[in-house]
Structures are given as structure tokens and as C-alpha cells.
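For reference, the structure is listed below as C-alpha cells.
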Amino acid sequence: MNIAFYIAAAISIFSTVMVITRFNIMHALLYLIVSLLSVAVIFYLYGAPFMAALEVIIYAGAIMVLIIFFVMMLNLGPETTRNEKQWLKPGMWMLPALLCLILLIELAYLIAQNKAPATGITPVAPKEVGRSLFGPYILAVELSAMLLMAGIVGAYHLGRQKKKILHRFFESNAS
Amino acid sequence: MSTGQYWLVIGGVLFVILNTAAGLIWLERRALALWQDRYGPNRAGPFGLFIVLADTIKLFFKEDWIPPFADKIVFVFAPAVVVASVLMSFTIIPFAPNVMVADLNIGLLFFLAMSSMGVYSIVLGGWASNNKYALLGAMRGASQMISYEVFMGLSLMGVVVLSGTFNLREIVEAQRGGWYILPQLIGFFIFLVAGIAETHRLPFDIPEAESELVAGFHSEYSGMKFGMFFIGEYMGITLISSMVVTLYFGGWLGPAFLPPVIWFVLKTFVFIMLFILLRASMPRPRYDQLMEYGWKILFPLSLLNLMVTAAIKLLL
């Protein structure tokens with residue numbers, strides 16, 4: 001199992017780096033999907049099969065498809081790739097990379113401090129996830145449902161169209 | 001199961017699925033011809049069966065052309081996605097009491113996950129072709145499959161409520177008292193419609209709609225890359241048929257005079273024939289009609305089905 005974890009983790013890190021460094025936005029998005037899938041594999045290995053399935057269905061399967069859909073509609077050609085190349089100069093990413101490096105060293109130090117790594121993985125079945133979601137965490141579920149509802153109503157309001165009148169003859173009769 | 005048996009099951013499933021998909025090329029042409037009152041392919045071999053061979057050889061020997069204006073890597077990658085995602089879905093289907101590749105406790109969710117991965121083949125294939133017809137087909141395909149996935153998941157939840165599990169083997173076992181087609185008639189109907197839309201078969205084949213979009217998202221594909229889309233579609237039909245059988249028609253359950261695998265295959269073929277009959281008999285809806293039908297009729301219906309099922313389960 002350890003080997004599977006290290007493979008998935010390596011793929012995840014590699015693909016995430018590729019997401020940042022690709023100039024072609026579609027390729028970057030594809031690497032992002034790979035990254036999400038490898039995270040799903042890690043979830044599955046460490047006893048959260050339900051989370052793994054949701055990660056693939058919602059993140060990799062629905063949200064990324066929508067993002068790709070919009071990128072497709074924007075019709076970004078080689079020109080954007082050239083622009084991206086101009087924007088991403090070493091001066092731009094040097095400082096953030098340095099800050100991230102400090103965080104990484106800190107993280108490595110903290111992991112090294114924790115001498116006894118967590119063993120004994122207990123898989124959490126989908127039923128237990130449901131029990132705890134609709135038991136102790138019911139308030140959070142309801143709140144997020146409200147948030148989503150507000151989002152849907154807002155999207156409907158923005159996307160609503162007035163009734164189209166196809167011919168001027170109907171204009172006087174309409175409304 | 002020992003390791004040897006396990007590998008045998010994997011190899012057997014792969015062999016049967018791929019050959020079924022190839023055989024469907026012949027079956028569909030013959031059945032369509034029968035329903036349209038003509039003969040269909042009947043020259044090569046007995047009943048024209050060798051047309052499968054001829055078609056395969058033709059696909060392999062055609063010029064494998066990648067358009068110079070296409071995004072080469074994505075263009076090559078897209079047809080592989082459809083076949084891989086459908087084949088992965090077959091791992092969770094119980095063909096007989098002990099014949100299944102992976103006994104996952106999230107089986108049904110895995111199926112949904114893989115079917116949502118299948119969208120990428122259309123979207124990426126259409127985008128990478130860099131062709132306006134392909135792009136239109138890809139956009140239609142993406143919106144169609146995303147919307148129909150929603151009701152597909154919701155209609156399946158009725159079965160989950162009744163059986164109390166995502167595991168397909170346990171769902172089949174739970175149907176010993178009675179198949180779920182009776183209590184889940186509406187769920188079955190919605191799943192079937194959503195399944196047809198997911199495999200983008202006629203009448204819901206508007207991503208490729210040959211009369212308006214040349215060949216839709218695979219306009220630029222030729223040779224075996226087109227063959228992958230082609231085979232992927234037939235495997236998708238087989239997949240949806242076997243899912244319908246597993247979830248609503250008792251899977252491998254049946255009277256004891258035939259072995260369970262035979263029952264499963266027989267039931268699956270009934271639904272494959274239904275898919276072909278639909279292609280022979282239904283006109284293609286307009287794009288906005290399809291979306292409206294989905295969101296305004298199927299979506300509330302599947303929610304209602306889920307709520308009523310849950311309420312009855314709670315009361316009994």
C-alpha cells in the first residue's frame with residue numbers, strides 16, 4: 001500500500017507543478033484533472049472511499065468539465081500562449097517560490113518531529129459518512145444547502161431572458 | 001478466489017466485453033435492416049458475420065491522419081479516454097455470484113465517476129480537432145452529459161435507498177425477494193433515458209448529429225482513433241444494458257435451470273436490442289428540446305421518485 005501511496009503522491013506533485021508551468025491553458029487543465037484523480041487515489045488508500053468517489057464525480061467530473069467548457073468557448077489560440085509566456089517571467093515567480101520553499105521546509109520539519117506515523121487505517125463506509133453528515137453536522141449541511149440555493153436563484157436571475165418577439169406583428173399583442 | 005482465478009475473471013471479462021462490442025457492429029446492422037425491411041450485410045460468411053472482421057481490418061489499415069492544425073497530444077489522448085472509462089466501469093459489475101473483478105463498497109459511485117470521466121473524450125476530442133463542427137459537437141456533448149448525469153445519479157439513489165448499499169453484489173442479492181423494476185419503475189425509466197443520453201446514442205446523438213454537424217466531435221478522426229470512439233459507443237451500450245439488468249432486473253438471478261451467467265447475458269441482450277430498436281424508430285430531438293426535457297421533466301420526476309421511495313421505506 002505504501003508503494004501505491006508514493007506513486008499517487010508523486011504523480012499528484014508532478015501534475016500540480018505541470019499545471020503551474022504549462023502555457024497552454026487546456027494542457028494545464030488536463031494536468032489539474034490528473035492531479036485531482038491522484039488525490040482521489042490517496043483518499044481511497046487511506047480509508048475514505050466515499051470521499052474518493054466524490055472527488056472524482058464532483059471535482060474531476062463536473063467542475064473541471066465546466067471549466068473546460070468555458071475555456072473552449074473563449075477560443076484561446078496560440079496568441080494567448082504567447083501572452084502567457086510574456087507574463088510568466090522569473091521575476092514574477094521568484095519571491096512566491098521562495099516563500100513556498102520556507103513553508104515546505106517548515107512542513108518537512110513538522111513531519112519529521114512526529115515520530116510515530118499514523119498506522120492502522122480504519123475505512124469509513126459511505127453509510128457512516130451519511131450518519132455523521134445528517135447527525136452531528138446537520139447544521140453545516142443545511143447552511144451549505146442554503147448557500148447553494150442562493151447561488152441557483154442568483155444564476156437564474158442573471159441568466160433570465162426576456163421573451164423574444166420573432167415578428168413585429170406580435171409586438172403589439174405581446175406583453 | 002485464488003490469484004489464478006482472479007486473473008482468469010479479468011481476462012474473461014475483457015475478452016467477452018471487447019468481442020461483444022465488435023459483434024454488436026454486425027448485430028446492429030442486421031437488426032436495423034430487419035426493422036427497416038431490408039437485408040443488411042449478408043454476403044461475407046454465414047449471415048454476414050464476417051463483416052465484423054472486414055470492418056476491423058478496414059479500420060486498422062486506413063490512413064491514420066492527424067490534422068496539422070490539431071493539438072496533437074490531446075487529439076491522440078481523447079479516444080483512449082472513452083474506452084478506458086467504459087472498461088473501468090465493467091470492473092464493478094457482478095456477472096455471476098463469484099464473477100466480478102472488484103467487489104467495491106462504493107461500486108455505484110464508481111460507475112458514476114467513470115461515466116463522468118467519459119465526458120472528457122467528447123470534450124477533448126472536439127476541442128483538439130480545432131474544427132468548428134467538432135467544437136459545436138463537443139459543446140453539445142458536454143452540456144448534454146453533465147445535465148443527464150444529474151438525473152442518472154438521482155434515479156439510482158432510489159435503488160440505494162431500497163437496498164441500503166452502494167455495492168452492486170449486495171444490490172443483486174437484495175433483489176431475491178423481488179426485482180426493483182416494480183417499486184422503481186420511474187427510476188428505471190429515468191435511468192434508461194439518462195443512459196441513452198450518456199452513451200450519446202440515437203435519439204440523443206446530438207453531439208454527432210450527422211445531418212447538421214458532419215460527424216460532430218469526431219469529424220477529424222480516422223482509422224483506429226475513430227474506431228476507438230466507435231467501439232467505445234458499443235461498449236457503452238453494453239455497459240448501460242448490464243447496469244440496468246443489475247440494478248432493476250435482478251442481475252444474475254433467475255430460475256435454476258440455466259446458470260446465472262446465462263441469465264445475465266440473456267437479460268443484457270434484451271436491453272441491447274432495445275437500444276438498437278430505439279435507434280431504428282425514434283427521430284432526433286432538437287438540442288433545446290433535449291435540455292428542456294431533461295431539466296423540466298426528468299429532474300423533478302427523479303427527485304420526486306427519490307422522496308417517495310425514501311418516505312415509503314421510512315414508513316414500512
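Ligands are numbered from 1 in the order shown, residues from 1 within each chain, and chains are lettered A, B, ... in the order they appear in the C-alpha cells.
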Please build the interface table for chain A against chain B with a cut-off of 10 Å, listing for each qualifying residue the nearest atom pair and the distance in Å to one decimal; count only C-alpha atoms, order rows by chain and increasing number, and write it as a tab-separated table.
```
residue	atom	partner	partner_atom	distance
A:Met26	CA	B:Leu124	CA	9.1
A:His27	CA	B:Val74	CA	8.2
A:Leu30	CA	B:Val74	CA	9.1
A:Ile33	CA	B:Met117	CA	9.9
A:Pro49	CA	B:Ile106	CA	6.8
A:Phe50	CA	B:Ile106	CA	6.7
A:Ala52	CA	B:Phe110	CA	9.2
A:Ala53	CA	B:Leu109	CA	6.0
A:Leu54	CA	B:Ala113	CA	7.8
A:Glu55	CA	B:Ala113	CA	8.8
A:Val56	CA	B:Ala113	CA	5.6
A:Ile57	CA	B:Ala113	CA	4.6
A:Ile58	CA	B:Ala113	CA	8.4
A:Ala60	CA	B:Met117	CA	7.5
A:Gly61	CA	B:Ser116	CA	4.9
A:Ala62	CA	B:Ile146	CA	6.8
A:Ile63	CA	B:Ile146	CA	9.8
A:Met64	CA	B:Tyr120	CA	9.5
A:Val65	CA	B:Tyr120	CA	7.3
A:Leu66	CA	B:Ala142	CA	8.2
A:Ile68	CA	B:Val123	CA	8.0
A:Phe69	CA	B:Met139	CA	6.8
A:Phe70	CA	B:Met139	CA	9.4
A:Val71	CA	B:Trp127	CA	9.8
A:Met72	CA	B:Trp127	CA	6.8
A:Met73	CA	B:Met139	CA	8.3
A:Asn75	CA	B:Trp127	CA	9.3
A:Gly77	CA	B:Asn130	CA	9.8
A:Ala125	CA	B:Asn105	CA	7.6
A:Pro126	CA	B:Ile106	CA	7.4
A:Lys127	CA	B:Thr165	CA	8.0
```
Store the residues of this selection in a file with C-alpha atoms, as a PDB file, in the first residue's frame.
```pdb
ATOM      1  CA  MET A  26      -6.033  23.419 -21.866  1.00  0.00           C
ATOM      2  CA  HIS A  27      -2.950  21.355 -21.072  1.00  0.00           C
ATOM      3  CA  LEU A  30      -5.712  18.375 -18.100  1.00  0.00           C
ATOM      4  CA  ILE A  33      -7.600  16.681 -13.646  1.00  0.00           C
ATOM      5  CA  PRO A  49     -13.608   5.519  -0.398  1.00  0.00           C
ATOM      6  CA  PHE A  50     -16.677   7.768  -0.316  1.00  0.00           C
ATOM      7  CA  ALA A  52     -12.526   9.402  -3.269  1.00  0.00           C
ATOM      8  CA  ALA A  53     -15.664   8.772  -5.302  1.00  0.00           C
ATOM      9  CA  LEU A  54     -16.990  12.278  -4.623  1.00  0.00           C
ATOM     10  CA  GLU A  55     -13.631  13.799  -5.544  1.00  0.00           C
ATOM     11  CA  VAL A  56     -13.824  12.137  -8.958  1.00  0.00           C
ATOM     12  CA  ILE A  57     -17.548  12.736  -9.541  1.00  0.00           C
ATOM     13  CA  ILE A  58     -17.713  16.355  -8.406  1.00  0.00           C
ATOM     14  CA  ALA A  60     -12.789  15.889 -11.755  1.00  0.00           C
ATOM     15  CA  GLY A  61     -16.108  15.009 -13.391  1.00  0.00           C
ATOM     16  CA  ALA A  62     -18.303  18.073 -13.048  1.00  0.00           C
ATOM     17  CA  ILE A  63     -16.402  21.217 -12.074  1.00  0.00           C
ATOM     18  CA  MET A  64     -13.444  20.617 -14.378  1.00  0.00           C
ATOM     19  CA  VAL A  65     -15.755  19.801 -17.274  1.00  0.00           C
ATOM     20  CA  LEU A  66     -17.491  23.142 -16.738  1.00  0.00           C
ATOM     21  CA  ILE A  68     -13.000  23.254 -19.814  1.00  0.00           C
ATOM     22  CA  PHE A  69     -16.361  24.088 -21.372  1.00  0.00           C
ATOM     23  CA  PHE A  70     -15.844  27.796 -20.770  1.00  0.00           C
ATOM     24  CA  VAL A  71     -12.237  27.738 -21.904  1.00  0.00           C
ATOM     25  CA  MET A  72     -13.485  26.075 -25.067  1.00  0.00           C
ATOM     26  CA  MET A  73     -15.987  28.874 -25.617  1.00  0.00           C
ATOM     27  CA  ASN A  75     -11.417  30.087 -28.073  1.00  0.00           C
ATOM     28  CA  GLY A  77      -5.400  30.249 -29.569  1.00  0.00           C
ATOM     29  CA  ALA A 125     -18.041   3.290   4.819  1.00  0.00           C
ATOM     30  CA  PRO A 126     -20.441   5.583   2.922  1.00  0.00           C
ATOM     31  CA  LYS A 127     -23.170   4.813   5.472  1.00  0.00           C
TER      32      LYS A 127
END
```
**Item:** For segment 301-305 of chain B: contacts at 10 Å, only C-alpha atoms, fewer than 5 positions along chain excluded, given as a list in words
**Value:**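 That gives Val150, Phe151, Met152, Gly153, Leu154, Ser155, Leu156, Met157, Gly158, Pro183, Gln184, Leu185, Ile186, Gly187, Phe188, Phe189, Ile190, Phe191, Gly294, Trp295, Lys296, Ala310 and Ala311 of chain B.
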**Request:** Please identify all polymer residues within 12 Å of Phe230 of chain B, counting only C-alpha atoms, omitting same-chain residues fewer than 5 positions from it, and present them as JSON, numbers by chain.
**Result:** {"B": [18, 21, 22, 24, 25, 55, 56, 59, 79, 80, 82, 83, 199, 200, 201, 208, 215, 218, 221, 222, 223, 224, 225, 235, 236, 237]}
**Message:** Residues within 8 Å of segment 241-254 of chain B, please, as a PyMOL selection string. Count only C-alpha atoms; anything in the same chain fewer than 3 positions from it doesn't count.
**Reply:** chain B and resi 93-97+159+168+171-172+175-176+178-181+184+188+191-192+237-238+258+260-264+267-269+271-272
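The neighbours of Val129 of chain A here are the residues that come within 12 Å of it, using only C-alpha atoms and leaving out any residue fewer than 6 positions away in the same chain; they are Gly47, Ala48, Pro49, Phe50, Met51, Leu54, Pro123, Gly135, Pro136, Tyr137 and Ile138 of chain A.
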Using only all heavy atoms, please write the residues we just selected to a file, as a compact mmCIF listing (two decimals), in the first residue's frame.
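Contents of part_35.txt, freshly written:
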```txt
# COMPACT_ATOMS: atom_id res chain seq x y z
N GLY A 47 -8.56 4.89 3.49
CA GLY A 47 -9.81 4.57 4.17
C GLY A 47 -10.94 5.55 3.99
O GLY A 47 -11.82 5.62 4.83
N ALA A 48 -10.95 6.33 2.91
CA ALA A 48 -12.09 7.22 2.67
C ALA A 48 -12.61 6.99 1.26
O ALA A 48 -12.51 7.87 0.40
CB ALA A 48 -11.70 8.68 2.88
N PRO A 49 -13.17 5.81 0.97
CA PRO A 49 -13.61 5.52 -0.40
C PRO A 49 -14.71 6.47 -0.87
O PRO A 49 -14.76 6.83 -2.05
CB PRO A 49 -14.12 4.08 -0.32
CG PRO A 49 -14.38 3.83 1.10
CD PRO A 49 -13.43 4.68 1.87
N PHE A 50 -15.58 6.88 0.06
CA PHE A 50 -16.68 7.77 -0.32
C PHE A 50 -16.14 9.12 -0.78
O PHE A 50 -16.55 9.66 -1.80
CB PHE A 50 -17.60 7.95 0.89
CG PHE A 50 -18.87 8.67 0.58
CD1 PHE A 50 -19.83 8.09 -0.22
CD2 PHE A 50 -19.11 9.92 1.11
CE1 PHE A 50 -21.00 8.74 -0.51
CE2 PHE A 50 -20.28 10.58 0.82
CZ PHE A 50 -21.23 10.00 0.01
N MET A 51 -15.16 9.63 -0.02
CA MET A 51 -14.53 10.90 -0.40
C MET A 51 -13.86 10.77 -1.77
O MET A 51 -13.93 11.67 -2.60
CB MET A 51 -13.47 11.27 0.63
CG MET A 51 -13.89 12.26 1.68
SD MET A 51 -14.73 13.65 0.97
CE MET A 51 -13.38 14.40 0.09
N LEU A 54 -16.46 10.92 -4.45
CA LEU A 54 -16.99 12.28 -4.62
C LEU A 54 -15.97 13.19 -5.28
O LEU A 54 -16.32 14.05 -6.10
CB LEU A 54 -17.40 12.86 -3.27
CG LEU A 54 -18.68 12.29 -2.68
CD1 LEU A 54 -19.12 13.14 -1.51
CD2 LEU A 54 -19.78 12.23 -3.71
N PRO A 123 -11.21 2.03 7.42
CA PRO A 123 -12.00 2.55 6.30
C PRO A 123 -13.35 3.05 6.81
O PRO A 123 -13.99 2.43 7.66
CB PRO A 123 -12.19 1.32 5.40
CG PRO A 123 -11.21 0.31 5.87
CD PRO A 123 -10.96 0.59 7.31
N GLY A 135 -26.24 13.71 11.19
CA GLY A 135 -26.35 13.65 12.64
C GLY A 135 -25.73 14.90 13.25
O GLY A 135 -26.36 15.96 13.27
N PRO A 136 -24.47 14.82 13.70
CA PRO A 136 -23.86 15.98 14.36
C PRO A 136 -23.64 17.17 13.43
O PRO A 136 -23.60 18.29 13.90
CB PRO A 136 -22.54 15.42 14.89
CG PRO A 136 -22.36 14.09 14.30
CD PRO A 136 -23.64 13.62 13.76
N TYR A 137 -23.48 16.92 12.11
CA TYR A 137 -23.12 18.03 11.23
C TYR A 137 -24.30 18.54 10.43
O TYR A 137 -24.14 19.18 9.40
CB TYR A 137 -22.00 17.62 10.28
CG TYR A 137 -20.74 17.24 11.01
CD1 TYR A 137 -20.34 15.93 11.12
CD2 TYR A 137 -19.98 18.23 11.62
CE1 TYR A 137 -19.20 15.59 11.80
CE2 TYR A 137 -18.83 17.90 12.31
CZ TYR A 137 -18.45 16.58 12.40
OH TYR A 137 -17.32 16.25 13.08
N ILE A 138 -25.52 18.26 10.89
CA ILE A 138 -26.71 18.62 10.11
C ILE A 138 -26.78 20.12 9.84
O ILE A 138 -27.20 20.55 8.76
CB ILE A 138 -27.99 18.12 10.83
CG1 ILE A 138 -29.24 18.40 10.02
CG2 ILE A 138 -28.14 18.70 12.21
CD1 ILE A 138 -29.36 17.56 8.82
```
**Prompt:** Can you tell me how far atom CA of Ala70 of chain B sits from atom CA of Val34 of chain A, in Å to one decimal?
**Reply:**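 Pair atom CA of Ala70 of chain B / atom CA of Val34 of chain A returns 21.8 Å.
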**Asked** segment 72-131 of chain B: which residues are alpha helix (DSSP H) by DSSP, as a PyMOL selection string?
**Response** chain B and resi 72-89+107-117+119-129
**Message:** Using Å and a single decimal, report how far atom CA of Tyr31 of chain A sits from atom CA of Met18 of chain A.
**Reply:**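 Atom-to-atom, atom CA of Met18 of chain A and atom CA of Tyr31 of chain A are spaced 6.4 Å apart.
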**Asked** With only C-alpha atoms as the atoms that count, which of B:Tyr133, B:Trp26, B:Trp35, B:Tyr148 lies nearest to Leu298 of chain B?
**Response** B:Tyr148
**Request:** Using atom CA of Ile17 of chain B and atom CA of Ser89 of chain B as the two end points, give the distance in Å to one decimal.
**Result:** 11.4 Å
